[in-house]
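**Q** One file: structure.cif (mmCIF, C-alpha atoms).
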```cif
data_upload
loop_
_atom_site.group_PDB
_atom_site.id
_atom_site.type_symbol
_atom_site.label_atom_id
_atom_site.label_comp_id
_atom_site.auth_asym_id
_atom_site.auth_seq_id
_atom_site.Cartn_x
_atom_site.Cartn_y
_atom_site.Cartn_z
ATOM 1 C CA MET A 735 62.335 109.068 2.904
ATOM 2 C CA LYS A 736 64.694 106.897 0.912
ATOM 3 C CA LYS A 737 61.742 105.397 -0.876
ATOM 4 C CA GLY A 738 60.492 108.839 -1.771
ATOM 5 C CA ILE A 739 63.796 109.812 -3.347
ATOM 6 C CA PHE A 740 63.820 106.549 -5.240
ATOM 7 C CA PHE A 741 60.418 107.239 -6.748
ATOM 8 C CA ILE A 742 61.330 110.782 -7.663
ATOM 9 C CA VAL A 743 64.415 109.506 -9.478
ATOM 10 C CA LEU A 744 62.282 106.857 -11.152
ATOM 11 C CA ALA A 745 59.815 109.489 -12.276
ATOM 12 C CA PHE A 746 62.583 111.532 -13.871
ATOM 13 C CA LEU A 747 63.998 108.478 -15.586
ATOM 14 C CA SER A 748 60.655 107.522 -17.011
ATOM 15 C CA ALA A 749 60.169 111.088 -18.190
ATOM 16 C CA GLY A 750 63.305 110.574 -20.277
ATOM 17 C CA VAL A 751 61.787 107.515 -21.906
ATOM 18 C CA PHE A 752 58.712 109.452 -22.942
ATOM 19 C CA ALA A 753 60.818 112.288 -24.261
ATOM 20 C CA GLN A 754 60.878 110.805 -27.733
ATOM 21 C CA GLY A 755 59.346 113.192 -30.204
ATOM 22 C CA GLU A 756 58.883 115.813 -27.546
ATOM 23 C CA VAL A 757 59.792 118.746 -29.752
ATOM 24 C CA ILE A 758 57.367 117.877 -32.503
ATOM 25 C CA THR A 759 54.638 117.066 -30.007
ATOM 26 C CA SER A 760 55.033 120.471 -28.474
ATOM 27 C CA TYR A 761 54.724 122.026 -31.920
ATOM 28 C CA PHE A 762 51.605 119.988 -32.536
ATOM 29 C CA ASN A 763 50.118 121.506 -29.444
ATOM 30 C CA LYS A 764 51.418 124.969 -30.191
ATOM 31 C CA TYR A 765 49.864 125.169 -33.639
ATOM 32 C CA ALA A 766 46.848 122.985 -32.950
ATOM 33 C CA ASP A 767 44.467 125.812 -33.734
ATOM 34 C CA ASN A 768 46.503 127.395 -36.474
ATOM 35 C CA ASP A 769 45.285 126.324 -39.895
ATOM 36 C CA ALA A 770 48.339 127.745 -41.596
ATOM 37 C CA PHE A 771 50.177 124.714 -40.254
ATOM 38 C CA THR A 772 49.514 121.271 -41.609
ATOM 39 C CA LYS A 773 49.977 118.612 -38.980
ATOM 40 C CA VAL A 774 50.414 115.005 -39.909
ATOM 41 C CA SER A 775 51.110 111.887 -37.905
ATOM 42 C CA VAL A 776 51.601 108.399 -39.272
ATOM 43 C CA SER A 777 51.370 105.707 -36.635
ATOM 44 C CA SER A 778 53.500 102.637 -36.169
ATOM 45 C CA LYS A 779 50.487 100.505 -37.073
ATOM 46 C CA MET A 780 50.386 102.175 -40.440
ATOM 47 C CA PHE A 781 54.082 101.555 -40.929
ATOM 48 C CA SER A 782 53.619 97.901 -40.190
ATOM 49 C CA MET A 783 50.973 97.843 -42.917
ATOM 50 C CA PHE A 784 53.413 99.323 -45.404
ATOM 51 C CA THR A 785 55.756 96.425 -44.926
ATOM 52 C CA GLU A 786 53.148 94.032 -46.220
ATOM 53 C CA MET A 787 53.007 95.791 -49.550
ATOM 54 C CA GLU A 788 54.463 94.469 -52.756
ATOM 55 C CA ALA A 789 57.248 96.454 -54.270
ATOM 56 C CA GLY A 790 56.969 97.045 -57.988
ATOM 57 C CA THR A 791 60.061 98.960 -58.957
ATOM 58 C CA GLU A 792 63.502 99.062 -57.461
ATOM 59 C CA ALA A 793 62.855 102.514 -56.099
ATOM 60 C CA GLU A 794 59.733 101.217 -54.455
ATOM 61 C CA GLN A 795 61.728 98.393 -52.959
ATOM 62 C CA GLU A 796 64.239 100.867 -51.596
ATOM 63 C CA PHE A 797 61.486 102.946 -50.140
ATOM 64 C CA LEU A 798 59.734 100.045 -48.466
ATOM 65 C CA GLU A 799 63.014 98.858 -47.044
ATOM 66 C CA ALA A 800 63.688 102.224 -45.473
ATOM 67 C CA VAL A 801 60.171 102.372 -44.140
ATOM 68 C CA SER A 802 60.087 98.850 -42.754
ATOM 69 C CA LYS A 803 61.921 99.689 -39.584
ATOM 70 C CA LEU A 804 60.233 102.987 -38.899
ATOM 71 C CA LYS A 805 57.782 103.367 -36.070
ATOM 72 C CA GLY A 806 56.319 106.742 -36.667
ATOM 73 C CA LEU A 807 56.354 109.952 -38.612
ATOM 74 C CA LYS A 808 55.219 113.350 -37.504
ATOM 75 C CA MET A 809 55.255 116.546 -39.457
ATOM 76 C CA VAL A 810 54.320 120.141 -38.945
ATOM 77 C CA MET A 811 54.383 122.175 -42.102
ATOM 78 C CA ALA A 812 53.483 125.614 -43.310
ATOM 79 C CA ASP A 813 53.922 127.154 -46.728
ATOM 80 C CA SER A 814 52.494 130.599 -46.260
ATOM 81 C CA ILE A 815 53.742 132.094 -43.050
ATOM 82 C CA ALA A 816 55.420 135.436 -42.672
ATOM 83 C CA ASP A 817 58.220 134.639 -40.260
ATOM 84 C CA ALA A 818 59.508 131.260 -41.389
ATOM 85 C CA LYS A 819 63.101 132.212 -40.710
ATOM 86 C CA ALA A 820 62.349 133.192 -37.135
ATOM 87 C CA LEU A 821 60.352 130.033 -36.630
ATOM 88 C CA TYR A 822 63.216 128.019 -38.054
ATOM 89 C CA LYS A 823 65.579 129.590 -35.554
ATOM 90 C CA LYS A 824 63.185 128.906 -32.702
ATOM 91 C CA ALA A 825 62.670 125.308 -33.791
ATOM 92 C CA THR A 826 66.381 124.576 -34.166
ATOM 93 C CA ALA A 827 66.967 126.041 -30.723
ATOM 94 C CA ASP A 828 64.232 123.820 -29.320
ATOM 95 C CA VAL A 829 65.691 120.774 -31.022
ATOM 96 C CA ASN A 830 69.160 121.508 -29.682
ATOM 97 C CA LYS A 831 67.780 122.120 -26.232
ATOM 98 C CA ALA A 832 65.973 118.780 -26.284
ATOM 99 C CA GLY A 833 69.315 117.008 -26.496
ATOM 100 C CA TYR A 834 69.411 115.963 -30.116
ATOM 101 C CA ALA A 835 72.789 115.561 -31.750
ATOM 102 C CA GLU A 836 73.260 117.734 -34.769
ATOM 103 C CA LEU A 837 73.898 115.757 -37.901
ATOM 104 C CA MET A 838 73.965 118.376 -40.596
ATOM 105 C CA THR A 839 73.008 121.948 -41.190
ATOM 106 C CA VAL A 840 72.621 123.822 -44.414
ATOM 107 C CA ALA A 841 72.509 127.560 -44.077
ATOM 108 C CA ASP A 842 71.277 129.324 -47.117
ATOM 109 C CA PRO A 843 69.958 132.853 -47.557
ATOM 110 C CA ASP A 844 66.757 131.435 -48.979
ATOM 111 C CA GLN A 845 66.344 128.354 -46.914
ATOM 112 C CA SER A 846 68.076 126.646 -44.024
ATOM 113 C CA MET A 847 68.011 123.056 -42.973
ATOM 114 C CA LEU A 848 68.896 121.183 -39.846
ATOM 115 C CA PHE A 849 69.156 117.464 -39.348
ATOM 116 C CA SER A 850 69.463 116.188 -35.831
ATOM 117 C CA ILE A 851 69.354 112.702 -34.427
ATOM 118 C CA LYS A 852 68.865 110.846 -31.204
ATOM 119 C CA GLU A 853 71.050 107.790 -30.922
ATOM 120 C CA ASN A 854 70.955 104.794 -28.639
ATOM 121 C CA ASN A 855 73.708 102.167 -28.782
ATOM 122 C CA GLY A 856 74.727 103.283 -32.232
ATOM 123 C CA ILE A 857 71.206 103.015 -33.584
ATOM 124 C CA ILE A 858 69.479 106.184 -34.693
ATOM 125 C CA GLU A 859 66.130 106.179 -32.977
ATOM 126 C CA GLU A 860 64.875 109.519 -34.063
ATOM 127 C CA LEU A 861 65.657 111.882 -36.871
ATOM 128 C CA VAL A 862 64.468 115.440 -36.744
ATOM 129 C CA MET A 863 64.532 117.685 -39.758
ATOM 130 C CA VAL A 864 63.846 121.383 -39.656
ATOM 131 C CA VAL A 865 63.536 123.404 -42.834
ATOM 132 C CA GLY A 866 62.811 127.084 -42.913
ATOM 133 C CA GLY A 867 63.057 129.947 -45.344
ATOM 134 C CA GLY A 868 60.906 132.395 -47.235
ATOM 135 C CA ASN A 869 57.431 131.662 -45.987
ATOM 136 C CA LYS A 870 57.868 127.949 -45.656
ATOM 137 C CA PHE A 871 58.585 125.905 -42.610
ATOM 138 C CA VAL A 872 58.846 122.182 -41.933
ATOM 139 C CA LEU A 873 59.461 120.310 -38.754
ATOM 140 C CA LEU A 874 59.621 116.604 -39.283
ATOM 141 C CA SER A 875 60.341 113.780 -36.920
ATOM 142 C CA LEU A 876 60.960 110.197 -37.918
ATOM 143 C CA TYR A 877 61.355 107.506 -35.355
ATOM 144 C CA GLY A 878 62.014 103.849 -35.152
ATOM 145 C CA GLU A 879 65.206 102.306 -36.365
ATOM 146 C CA ILE A 880 66.608 104.712 -38.878
ATOM 147 C CA ASP A 881 69.117 103.747 -41.510
ATOM 148 C CA LEU A 882 70.452 106.966 -42.981
ATOM 149 C CA LYS A 883 72.089 105.191 -45.889
ATOM 150 C CA ASN A 884 68.858 103.581 -46.819
ATOM 151 C CA ILE A 885 66.929 106.810 -46.580
ATOM 152 C CA SER A 886 69.430 108.770 -48.606
ATOM 153 C CA ARG A 887 69.182 106.168 -51.340
ATOM 154 C CA ILE A 888 65.494 106.929 -51.826
ATOM 155 C CA ALA A 889 66.105 110.333 -53.305
ATOM 156 C CA ARG A 890 68.860 109.094 -55.553
ATOM 157 C CA ASP A 891 66.545 106.543 -57.038
ATOM 158 C CA MET A 892 63.701 108.989 -57.347
ATOM 159 C CA LYS A 893 65.908 111.656 -58.807
ATOM 160 C CA VAL A 894 66.567 109.619 -61.885
ATOM 161 C CA GLN A 895 62.863 109.226 -62.398
ATOM 162 C CA GLY A 896 61.827 112.715 -61.502
ATOM 163 C CA LEU A 897 64.488 114.826 -63.140
ATOM 164 C CA GLU A 898 62.071 116.164 -65.713
ATOM 165 C CA ASP A 899 59.561 117.014 -63.032
ATOM 166 C CA LEU A 900 62.238 118.857 -61.180
ATOM 167 C CA GLY A 901 62.812 121.183 -64.111
ATOM 168 C CA ARG A 902 59.139 121.810 -64.479
ATOM 169 C CA MET A 903 58.780 122.623 -60.808
ATOM 170 C CA HIS A 904 61.422 125.297 -61.069
ATOM 171 C CA HIS A 905 59.400 127.022 -63.745
ATOM 172 C CA ASP A 906 56.207 126.631 -61.812
ATOM 173 C CA LYS A 907 57.625 128.633 -58.990
ATOM 174 C CA LYS A 908 58.123 131.737 -61.069
ATOM 175 C CA MET B 702 92.643 111.066 54.143
ATOM 176 C CA ASP B 703 94.153 107.649 54.753
ATOM 177 C CA SER B 704 96.728 105.977 52.609
ATOM 178 C CA ARG B 705 94.187 103.591 51.194
ATOM 179 C CA THR B 706 92.116 106.444 49.855
ATOM 180 C CA LYS B 707 95.242 108.077 48.448
ATOM 181 C CA LEU B 708 96.170 104.852 46.721
ATOM 182 C CA LEU B 709 92.693 104.584 45.250
ATOM 183 C CA LEU B 710 92.845 108.188 44.102
ATOM 184 C CA GLU B 711 96.138 107.603 42.355
ATOM 185 C CA LYS B 712 94.631 104.571 40.673
ATOM 186 C CA TYR B 713 91.609 106.654 39.775
ATOM 187 C CA TRP B 714 93.665 109.323 38.001
ATOM 188 C CA ARG B 715 95.390 106.601 36.061
ATOM 189 C CA ALA B 716 91.907 105.448 35.072
ATOM 190 C CA GLU B 717 92.537 101.985 36.380
ATOM 191 C CA THR B 718 89.820 101.784 39.029
ATOM 192 C CA SER B 719 86.785 99.554 38.650
ATOM 193 C CA THR B 720 83.315 100.921 39.223
ATOM 194 C CA ALA B 721 83.206 99.252 42.668
ATOM 195 C CA GLU B 722 86.453 100.940 43.618
ATOM 196 C CA GLU B 723 85.221 104.284 42.392
ATOM 197 C CA ARG B 724 82.086 103.960 44.512
ATOM 198 C CA LEU B 725 84.253 103.133 47.521
ATOM 199 C CA LEU B 726 86.494 106.090 46.822
ATOM 200 C CA LYS B 727 83.530 108.419 46.637
ATOM 201 C CA GLU B 728 82.182 107.138 49.938
ATOM 202 C CA GLN B 729 85.501 107.579 51.669
ATOM 203 C CA LEU B 730 85.954 111.095 50.334
ATOM 204 C CA GLY B 731 82.414 111.943 51.392
ATOM 205 C CA THR B 732 83.158 111.009 55.008
ATOM 206 C CA VAL B 733 86.237 113.216 55.145
ATOM 207 C CA GLN B 734 85.330 116.394 56.990
ATOM 208 C CA GLU B 735 87.798 118.793 55.524
ATOM 209 C CA ALA B 736 86.851 119.746 51.979
ATOM 210 C CA SER B 737 89.758 118.626 49.896
ATOM 211 C CA ALA B 738 90.083 119.465 46.230
ATOM 212 C CA GLU B 739 89.353 115.861 45.366
ATOM 213 C CA ALA B 740 86.183 115.774 47.466
ATOM 214 C CA ASN B 741 84.930 118.932 45.758
ATOM 215 C CA TYR B 742 85.745 117.411 42.433
ATOM 216 C CA PHE B 743 83.616 114.341 43.056
ATOM 217 C CA LYS B 744 80.806 116.440 44.496
ATOM 218 C CA ALA B 745 80.833 118.600 41.395
ATOM 219 C CA ILE B 746 80.591 115.533 39.216
ATOM 220 C CA ASP B 747 77.653 114.287 41.261
ATOM 221 C CA ARG B 748 75.884 117.600 40.885
ATOM 222 C CA ARG B 749 76.374 117.532 37.147
ATOM 223 C CA LYS B 750 75.023 114.018 37.007
ATOM 224 C CA GLN B 751 71.841 115.045 38.736
ATOM 225 C CA GLN B 752 71.187 117.884 36.388
ATOM 226 C CA VAL B 753 67.936 117.494 34.483
ATOM 227 C CA SER B 754 67.198 119.188 31.241
ATOM 228 C CA GLU B 755 64.539 121.843 31.386
ATOM 229 C CA ILE B 756 63.148 120.719 28.108
ATOM 230 C CA SER B 757 61.027 117.666 28.428
ATOM 231 C CA PHE B 758 60.779 115.054 25.755
ATOM 232 C CA GLN B 759 57.832 112.893 25.223
ATOM 233 C CA HIS B 760 58.184 109.459 23.768
ATOM 234 C CA PRO B 761 56.203 109.403 20.570
ATOM 235 C CA GLY B 762 54.798 106.032 21.423
ATOM 236 C CA LYS B 763 53.768 103.810 18.566
ATOM 237 C CA ARG B 764 54.606 105.432 15.242
ATOM 238 C CA ILE B 765 51.509 106.260 13.266
ATOM 239 C CA TYR B 766 51.862 105.125 9.692
ATOM 240 C CA TYR B 767 49.968 107.369 7.397
ATOM 241 C CA TRP B 768 49.012 104.730 4.889
ATOM 242 C CA TYR B 769 46.435 106.973 3.306
ATOM 243 C CA VAL B 770 49.123 109.534 2.522
ATOM 244 C CA THR B 771 51.017 106.860 0.617
ATOM 245 C CA ILE B 772 47.930 105.943 -1.339
ATOM 246 C CA ALA B 773 47.090 109.569 -2.022
ATOM 247 C CA ALA B 774 50.635 110.259 -3.201
ATOM 248 C CA SER B 775 50.651 107.275 -5.534
ATOM 249 C CA LEU B 776 47.265 108.315 -6.882
ATOM 250 C CA VAL B 777 48.545 111.807 -7.594
ATOM 251 C CA ILE B 778 51.643 110.460 -9.336
ATOM 252 C CA GLY B 779 49.563 107.986 -11.315
ATOM 253 C CA LEU B 780 47.137 110.694 -12.319
ATOM 254 C CA LEU B 781 49.915 113.033 -13.446
ATOM 255 C CA VAL B 782 51.670 110.373 -15.478
ATOM 256 C CA GLY B 783 48.362 109.190 -16.871
ATOM 257 C CA THR B 784 47.194 112.608 -18.013
ATOM 258 C CA GLY B 785 50.615 113.319 -19.445
ATOM 259 C CA LEU B 786 50.570 110.157 -21.508
ATOM 260 C CA TRP B 787 46.965 110.680 -22.520
ATOM 261 C CA GLN B 788 47.683 114.225 -23.609
ATOM 262 C CA ARG B 789 50.627 113.049 -25.665
ATOM 263 C CA GLN B 790 48.516 110.387 -27.250
ATOM 264 C CA GLN B 791 45.723 112.813 -27.837
ATOM 265 C CA SER B 792 47.801 115.549 -29.385
ATOM 266 C CA SER B 793 49.252 113.152 -31.949
ATOM 267 C CA SER B 794 46.227 111.017 -32.608
ATOM 268 C CA GLU B 795 44.323 114.087 -33.599
ATOM 269 C CA TYR B 796 46.497 114.335 -36.669
ATOM 270 C CA THR B 797 46.944 110.656 -37.330
ATOM 271 C CA VAL B 798 46.207 109.675 -40.874
ATOM 272 C CA HIS B 799 43.971 106.636 -41.026
ATOM 273 C CA ASP B 800 43.821 106.089 -44.770
ATOM 274 C CA PRO B 801 46.712 103.787 -45.736
ATOM 275 C CA GLU B 802 46.915 105.235 -49.202
ATOM 276 C CA ILE B 803 47.259 108.777 -47.968
ATOM 277 C CA ALA B 804 49.618 107.705 -45.244
ATOM 278 C CA LEU B 805 51.849 105.965 -47.712
ATOM 279 C CA GLU B 806 51.963 108.944 -49.988
ATOM 280 C CA LEU B 807 52.679 111.269 -47.109
ATOM 281 C CA THR B 808 55.436 109.033 -45.883
ATOM 282 C CA ARG B 809 56.905 108.796 -49.335
ATOM 283 C CA ASN B 810 56.963 112.548 -49.665
ATOM 284 C CA ALA B 811 58.373 113.023 -46.214
ATOM 285 C CA LEU B 812 61.111 110.491 -46.753
ATOM 286 C CA LEU B 813 61.919 111.966 -50.117
ATOM 287 C CA MET B 814 62.222 115.335 -48.487
ATOM 288 C CA VAL B 815 64.521 113.969 -45.811
ATOM 289 C CA SER B 816 66.414 111.917 -48.313
ATOM 290 C CA SER B 817 67.108 114.704 -50.762
ATOM 291 C CA GLY B 818 68.042 116.947 -47.877
ATOM 292 C CA LEU B 819 70.544 114.424 -46.623
ATOM 293 C CA ASN B 820 71.927 113.834 -50.063
ATOM 294 C CA GLU B 821 72.613 117.175 -51.506
ATOM 295 C CA GLY B 822 71.783 119.837 -49.076
ATOM 296 C CA LYS B 823 70.837 122.878 -51.016
ATOM 297 C CA ASP B 824 71.020 121.502 -54.518
ATOM 298 C CA LEU B 825 67.611 119.998 -54.214
ATOM 299 C CA SER B 826 66.162 122.697 -52.043
ATOM 300 C CA ALA B 827 63.717 123.953 -54.634
ATOM 301 C CA TYR B 828 62.493 120.468 -55.169
ATOM 302 C CA GLN B 829 62.184 119.914 -51.472
ATOM 303 C CA LEU B 830 60.251 123.053 -50.899
ATOM 304 C CA ASN B 831 57.763 121.958 -53.474
ATOM 305 C CA GLN B 832 57.445 118.778 -51.532
ATOM 306 C CA ILE B 833 56.240 120.803 -48.605
ATOM 307 C CA ASN B 834 53.039 121.539 -50.426
ATOM 308 C CA LYS B 835 52.511 117.947 -51.260
ATOM 309 C CA PRO B 836 51.165 116.634 -47.968
ATOM 310 C CA LYS B 837 48.681 119.437 -47.811
ATOM 311 C CA GLU B 838 47.580 118.746 -51.357
ATOM 312 C CA ILE B 839 47.271 115.076 -50.658
ATOM 313 C CA ILE B 840 45.197 115.712 -47.607
ATOM 314 C CA THR B 841 42.900 118.286 -49.114
ATOM 315 C CA ASN B 842 42.489 116.629 -52.485
ATOM 316 C CA LYS B 843 41.758 113.151 -51.300
ATOM 317 C CA SER B 844 38.723 112.114 -49.327
ATOM 318 C CA ASN B 845 38.864 114.647 -46.558
ATOM 319 C CA SER B 846 36.421 112.788 -44.385
ATOM 320 C CA ASN B 847 38.691 109.792 -44.054
ATOM 321 C CA ILE B 848 41.611 111.583 -42.556
ATOM 322 C CA TYR B 849 40.696 112.620 -39.082
#
```
Please re-express this file's structure in structure tokens.
**A**
Amino acid sequence: MKKGIFFIVLAFLSAGVFAQGEVITSYFNKYADNDAFTKVSVSSKMFSMFTEMEAGTEAEQEFLEAVSKLKGLKMVMADSIADAKALYKKATADVNKAGYAELMTVADPDQSMLFSIKENNGIIEELVMVVGGGNKFVLLSLYGEIDLKNISRIARDMKVQGLEDLGRMHHDKK
Amino acid sequence: MDSRTKLLLEKYWRAETSTAEERLLKEQLGTVQEASAEANYFKAIDRRKQQVSEISFQHPGKRIYYWYVTIAASLVIGLLVGTGLWQRQQSSSEYTVHDPEIALELTRNALLMVSSGLNEGKDLSAYQLNQINKPKEIITNKSNSNIY
């Protein structure tokens, strides 16, 4: 009897270990047959290949540095769905329910964003981003050892390079 | 009732008698013809002692250890965990990008999206939203056969 209880407890504990990326995995399954959603997964093996690459520019260096400690990336995206806002709400609820700690939210009439993390001993092990608005939706999960500072630097470096593109993209949308 | 019996009784009520003395006391009280309160008391105790439960219990004998139940249970648990893990693996591997070039570009776009989101919030939202299309473009434009 005691043994049985022990194993049941063990089973629950191990379920917690496998919980990483559970939200995104469930969305993978949910929209497996829906072509409106693009599903992408980059494995840890691929990430280890990235680290062997030579960095040309400083931005590249920054990028590779941020990537070097990552173990996986999963994304579910859609750019032409009718109820992106509702899906965003559902996804954020799922993320909150899964025990992620909210890092940042941006609520906008056009588009909302949620960043949530899972921490272990002060190290961010998973970062979940949900974006939704209009007819676009993104659910993204990064895992491994995540350095937010490093990641946030990527855009700053890129922004300098891509400022002209940014302007052009605005016009493209209209 | 003689004085010796009385003495023993007194000792008995003080709970100081030994088992031998108690047996002796019972014998002596039993021989007394007139039914004293004490004699009735000991008789009542005797009757209670002889009472047998109407429900009979059977000794289970040697405990049978259902070893096959243990094995079956562990098999079931193993199977459940196994299928769970396999399903997880399966559901992700289906979408795993195998081309390093595509993977790198996807990762770059994804990180840029996360990065700009973390940096500025809504300022870069238009830019970000354009990034959403990127992975799809990358996947559809480049060698489709290599991806899945």
**Q** For chain B against chain A, which residues fall within 6 Å using all atoms listed in the file, given as a PDB file with C-alpha atoms, keeping the file's coordinate frame?
**A**
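Written output follows (out.pdb):
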```pdb
ATOM      1  CA  TYR B 796      46.497 114.335 -36.669  1.00  0.00           C
ATOM      2  CA  THR B 797      46.944 110.656 -37.330  1.00  0.00           C
ATOM      3  CA  VAL B 798      46.207 109.675 -40.874  1.00  0.00           C
ATOM      4  CA  LEU B 813      61.919 111.966 -50.117  1.00  0.00           C
ATOM      5  CA  SER B 816      66.414 111.917 -48.313  1.00  0.00           C
ATOM      6  CA  SER B 817      67.108 114.704 -50.762  1.00  0.00           C
ATOM      7  CA  ASN B 820      71.927 113.834 -50.063  1.00  0.00           C
TER       8      ASN B 820
END
```
**Q** Measure the distance from atom CA of Thr785 of chain A to atom CA of Ile858 of chain A in Å and round it to one decimal.
**A** 19.7 Å
**Q** Report, in Å to a single decimal, how far apart atom CA of Ile746 of chain B and atom CA of Ala721 of chain B are.
**A**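 We find that atom CA of Ala721 of chain B and atom CA of Ile746 of chain B lie 16.8 Å from each other.
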**Q** Between atom CA of Lys744 of chain B and atom CA of Phe758 of chain B, what is the distance, to one decimal in Å?
**A**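 These atoms are spaced 27.5 Å apart.
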**Q** Tell me which of A:Ala825, A:Glu796, A:Leu804, A:Ala816 sits closest to Lys764 of chain A, counting only C-alpha atoms.
**A**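 Going through A:Ala825, A:Glu796, A:Leu804, A:Ala816 one by one, the smallest distance to Lys764 of chain A is for A:Ala825.
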**Q** Near Leu725 of chain B, counting all atoms listed in the file, which residues have an atom at most 10 Å away, once you skip same-chain residues fewer than 5 positions from it, shown as a JSON list (two decimals) with C-alpha atoms, keeping the file's coordinate frame?
**A**
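Result file is result.json:
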```
[["chain", "number", "residue", "atom", "x", "y", "z"],
["B", 706, "THR", "CA", 92.12, 106.44, 49.86],
["B", 709, "LEU", "CA", 92.69, 104.58, 45.25],
["B", 719, "SER", "CA", 86.78, 99.55, 38.65],
["B", 720, "THR", "CA", 83.32, 100.92, 39.22],
["B", 730, "LEU", "CA", 85.95, 111.10, 50.33],
["B", 731, "GLY", "CA", 82.41, 111.94, 51.39]]
```
**Q** Identify the residues around (68.4, 118.8, -26.8) within a radius of 12 Å, measuring from all atoms listed in the file in the coordinates stated by the file, and give them as a PyMOL selection string.
**A** chain A and resi 750+753-757+825-836+850-852+862
**Q** Would you mind exporting the chosen residues as a PDB file, in the coordinates of the input, restricted to C-alpha atoms?
**A**
```
ATOM      1  CA  GLY A 750      63.305 110.574 -20.277  1.00  0.00           C
ATOM      2  CA  ALA A 753      60.818 112.288 -24.261  1.00  0.00           C
ATOM      3  CA  GLN A 754      60.878 110.805 -27.733  1.00  0.00           C
ATOM      4  CA  GLY A 755      59.346 113.192 -30.204  1.00  0.00           C
ATOM      5  CA  GLU A 756      58.883 115.813 -27.546  1.00  0.00           C
ATOM      6  CA  VAL A 757      59.792 118.746 -29.752  1.00  0.00           C
ATOM      7  CA  ALA A 825      62.670 125.308 -33.791  1.00  0.00           C
ATOM      8  CA  THR A 826      66.381 124.576 -34.166  1.00  0.00           C
ATOM      9  CA  ALA A 827      66.967 126.041 -30.723  1.00  0.00           C
ATOM     10  CA  ASP A 828      64.232 123.820 -29.320  1.00  0.00           C
ATOM     11  CA  VAL A 829      65.691 120.774 -31.022  1.00  0.00           C
ATOM     12  CA  ASN A 830      69.160 121.508 -29.682  1.00  0.00           C
ATOM     13  CA  LYS A 831      67.780 122.120 -26.232  1.00  0.00           C
ATOM     14  CA  ALA A 832      65.973 118.780 -26.284  1.00  0.00           C
ATOM     15  CA  GLY A 833      69.315 117.008 -26.496  1.00  0.00           C
ATOM     16  CA  TYR A 834      69.411 115.963 -30.116  1.00  0.00           C
ATOM     17  CA  ALA A 835      72.789 115.561 -31.750  1.00  0.00           C
ATOM     18  CA  GLU A 836      73.260 117.734 -34.769  1.00  0.00           C
ATOM     19  CA  SER A 850      69.463 116.188 -35.831  1.00  0.00           C
ATOM     20  CA  ILE A 851      69.354 112.702 -34.427  1.00  0.00           C
ATOM     21  CA  LYS A 852      68.865 110.846 -31.204  1.00  0.00           C
ATOM     22  CA  VAL A 862      64.468 115.440 -36.744  1.00  0.00           C
TER      23      VAL A 862
END
```
